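Student: Take this structure, written in structure tokens, and hold onto it; I'll ask about it next.
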Amino acid sequence: MDLKTLHKISYGLYIVTSGKDDDCNGQIANTVIQVTADPPRVGVCINKQNYTHEFISKYKVFSASILSQEAPMKLIGLFGFKCGRDLDKFEDVEYKVGETGSKIVLNNAVGYLEVKVFDSVDVGTHTMFIGDLVAAETLSDAEPITYAYYHEIKGGKSPKTAPTYIKEKKVEQTPKKERKKMAAYECTVCGYVYDPQEGDPENGIDPGTPFRSLPEDWVCPVCGAGKEDFEKIEEY
């Protein structure tokens, strides 16, 4: 069975939040869907291990900020690869408190939805929360980002708790004898590997640049984590 066929299904990319005033958390999600038109109802699928799952279960509300193609990887990484138990995700982002009392992220959002949950379905590792749409606003005419665009253009990865996560096979590396001896470093947040042989040309880092020579403000191109979140994994 070719599980990658599932990647042919279209998805968006959203910041789903829930809570009340300052007791709030949010995460990246791609399974936000409209389930009925009259009345308008919306569903979202959230992993039971995720902190946001606790908030939706408790407060019975959620909002979904629809991200644009211009959304930076740092923003996606903050809400997609870091846990709200460890930091306040809203500290440095622009947001508003919506009708449900939950914070709505406005950064790079083309619009948002607010939902009051009236039902949920246990689907194993995840819960599908379904609710009535109580507020919605278009914020921009910019093109919304699709999950395909996130993967193919931005080089994004899926967290292990994502409903669409598929374990990827490791790509074979060039034999060590054909490389200079330089250490590769792995991002402990998302698993991206910085290969000095390849560098990070899209962000101005030339091939052959060792990790120690990267600028101090360089961040993981996938999730936005800083250099301090990388660990040495291999000598080439």
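Ordered as shown in the structure tokens, chains take letters A, B, and onward, while each chain numbers its residues from 1 and ligands are numbered from 1 in the order shown.
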Can you pull out every residue within 9 Å of Pro207 of chain A, counting only C-alpha atoms, but drop anything in the same chain fewer than 2 positions away, and send it as a ChimeraX atom specification?
Tutor: /A:195-201,205,209-210
Student: Got a sec: who's within 8 Å of segment 108-123 of chain A, counting only C-alpha atoms, leaving out chain neighbours fewer than 3 positions off, as a PyMOL selection string?
Tutor: chain A and resi 41-42+60-68+70-71+98-100+104-105+126-144
Student: Which neighbours of Lys8 of chain A fall inside 12 Å, counting only C-alpha atoms, when residues of the same chain fewer than 5 positions from it are skipped, and could you give them as a PyMOL selection string?
Tutor: chain A and resi 2-3+146-148+164
Student: Take the residues just selected and output them with N, CA and C atoms as a short mmCIF file (atom, residue, chain, number, x, y, z; two decimals), in the first residue's frame.
Tutor:
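Written output follows (selection.cif):
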data_model
loop_
_atom_site.label_atom_id
_atom_site.label_comp_id
_atom_site.auth_asym_id
_atom_site.auth_seq_id
_atom_site.Cartn_x
_atom_site.Cartn_y
_atom_site.Cartn_z
N ASP A 2 0.62 2.15 -0.91
CA ASP A 2 1.40 3.38 -1.02
C ASP A 2 0.74 4.49 -0.22
N LEU A 3 1.22 4.68 1.01
CA LEU A 3 0.63 5.70 1.88
C LEU A 3 0.85 7.12 1.35
N THR A 146 -1.04 26.15 0.95
CA THR A 146 -1.51 24.76 1.00
C THR A 146 -0.44 23.91 1.65
N TYR A 147 -0.82 22.73 2.09
CA TYR A 147 0.15 21.83 2.72
C TYR A 147 1.19 21.39 1.68
N ALA A 148 0.76 21.25 0.42
CA ALA A 148 1.69 20.87 -0.64
C ALA A 148 2.74 21.97 -0.84
N THR A 164 -1.21 13.54 9.16
CA THR A 164 -0.70 13.18 7.84
C THR A 164 0.76 12.73 7.88
#
Student: Which residues are near Ser18 of chain A? Cut-off 8 Å, only C-alpha atoms, ignore same chain within fewer than 6 positions. Put them as a ChimeraX atom specification.
Tutor: /A:24-26,52,55-56,59,61-63,102-103
Student: Rounded to one decimal, what separation in Å do you get between atom CA of Lys89 of chain A and atom CA of Lys232 of chain A?
Tutor: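 Computing the Euclidean distance for atom CA of Lys89 of chain A and atom CA of Lys232 of chain A yields 27.0 Å.
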Student: Identify which of the residues A:Gly124, A:Asp206, A:Cys220, A:Met73 lies closest to Lys48 of chain A, counting only C-alpha atoms when measuring atom-to-atom distances.
Tutor: A:Gly124
Student: Using only C-alpha atoms, find the one residue out of A:Gly101, A:Gly208, A:Pro40, A:Gly12 that sits nearest to Tyr150 of chain A.
Tutor: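 Using only C-alpha atoms, Tyr150 of chain A sits closest to A:Gly12.
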Student: Using only C-alpha atoms, pick whichever of A:Met1, A:Val189, A:Ala184, A:Ile46 has the shortest atom-to-atom distance to Cys83 of chain A.
Tutor: A:Val189
Student: Here is a test: counting only C-alpha atoms, which residue of A:Thr125, A:Pro72, A:Met182, A:Ser213 is nearest to Gln49 of chain A?
Tutor: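 Of all the options, A:Thr125 lies closest to Gln49 of chain A.
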